[in-house]
Every structure is written in C-alpha cells, then in structure tokens.
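Notes follow the structure.
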Amino acid sequence: MADRLSADEVVRLAAEAGRAAYEDGLQAGLPVVTSDEALGKTFLEQNGHKFEVELVNGEVRVLREIPQSDAA
C-alpha cells in the first residue's frame with residue numbers, strides 16, 4: 001500500500017511543482033502570469049520583463065512595467 005502524505009508534504013510538493021512550471025515557462029520564453037492575492041495584483045513576466053497587468057473584457061491590459069530592481 002502506498003505511503004500517505006501529510007498535508008504539509010502535499011503543500012510542499014504542489015509549491016515545488018508550481019515553481020518548476022513557472023521557471024520552465026520563463027526559460028521557454030512563454031508569458032507567465034502570477035497573482036499576489038495579498039496585494040490584489042496580477043503580474044506577467046516574459047523575456048526578462050515584468051509587468052503589472054489586469055484583464056479587461058478578456059484582454060490583458062498592461063498597467064505598468066516593474067523596474068528590474070523591484071521585480072525580485
């Protein structure tokens with residue numbers, strides 16, 4: 001019978017998988033969208049640039065580019 005995972009292990013594995021997908025997308029040159037729920041903001045990253053964005057009628061609208069020093 002398979003070992004059971006604790007809730008903490010499931011959260012850790014999900015976070016690792018999400019981070020790997022994020023990194024793989026960036027390395028492939030794909031636009032990667034993330035949300036910061038605490039700030040209530042959505043970001044798009046691609047080709048070394050990071051933008052604050054919002055969806056308007058199903059379209060991505062760039063609000064501003066995040067300076068490289070602030071993008072970390």
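In the structure tokens, chains take letters A, B, ... by order of appearance, with residues numbered from 1 within each chain and ligands from 1 in the order shown.
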
- request: Quick one: pick out all strand (DSSP E) residues within region 5-61 of chain A from a backbone DSSP run and write them as a ChimeraX atom specification.
  value: /A:32-36,41-46,49-56,59-61

Store the residues picked out above in a file with C-alpha atoms, as a CSV table (one decimal), in the first residue's frame.
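What follows is the written file result-v6.csv:
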chain,number,residue,atom,x,y,z
A,32,VAL,CA,4.0,33.6,-17.2
A,33,VAL,CA,1.2,35.1,-15.2
A,34,THR,CA,1.2,35.2,-11.4
A,35,SER,CA,-1.1,36.7,-8.8
A,36,ASP,CA,-0.3,38.2,-5.4
A,41,LYS,CA,-2.3,42.4,-8.2
A,42,THR,CA,-1.6,40.3,-11.2
A,43,PHE,CA,1.8,40.2,-13.0
A,44,LEU,CA,3.0,39.0,-16.3
A,45,GLU,CA,6.7,38.1,-16.9
A,46,GLN,CA,8.4,37.4,-20.2
A,49,HIS,CA,10.5,41.9,-18.2
A,50,LYS,CA,7.8,42.1,-15.5
A,51,PHE,CA,4.5,44.0,-15.9
A,52,GLU,CA,1.6,44.7,-13.6
A,53,VAL,CA,-1.5,43.7,-15.7
A,54,GLU,CA,-5.2,43.4,-15.4
A,55,LEU,CA,-7.8,41.6,-17.5
A,56,VAL,CA,-10.4,43.8,-19.2
A,59,GLU,CA,-7.9,41.0,-22.9
A,60,VAL,CA,-4.6,41.6,-21.0
A,61,ARG,CA,-4.0,45.3,-20.3

query: Mind checking DSSP for chain A and telling me the alpha helix (DSSP H) residues as a list in words?
result: Ala7, Asp8, Glu9, Val10, Val11, Arg12, Leu13, Ala14, Ala15, Glu16, Ala17, Gly18, Arg19, Ala20, Ala21, Tyr22, Glu23, Asp24, Gly25, Leu26 and Gln27 of chain A

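You will find CA of Pro67 (chain A) at 10.5 Å from CA of Gly48 (chain A).
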
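With CA of Leu39 (chain A) on one side and CA of Val10 (chain A) on the other, the separation reads 25.3 Å.
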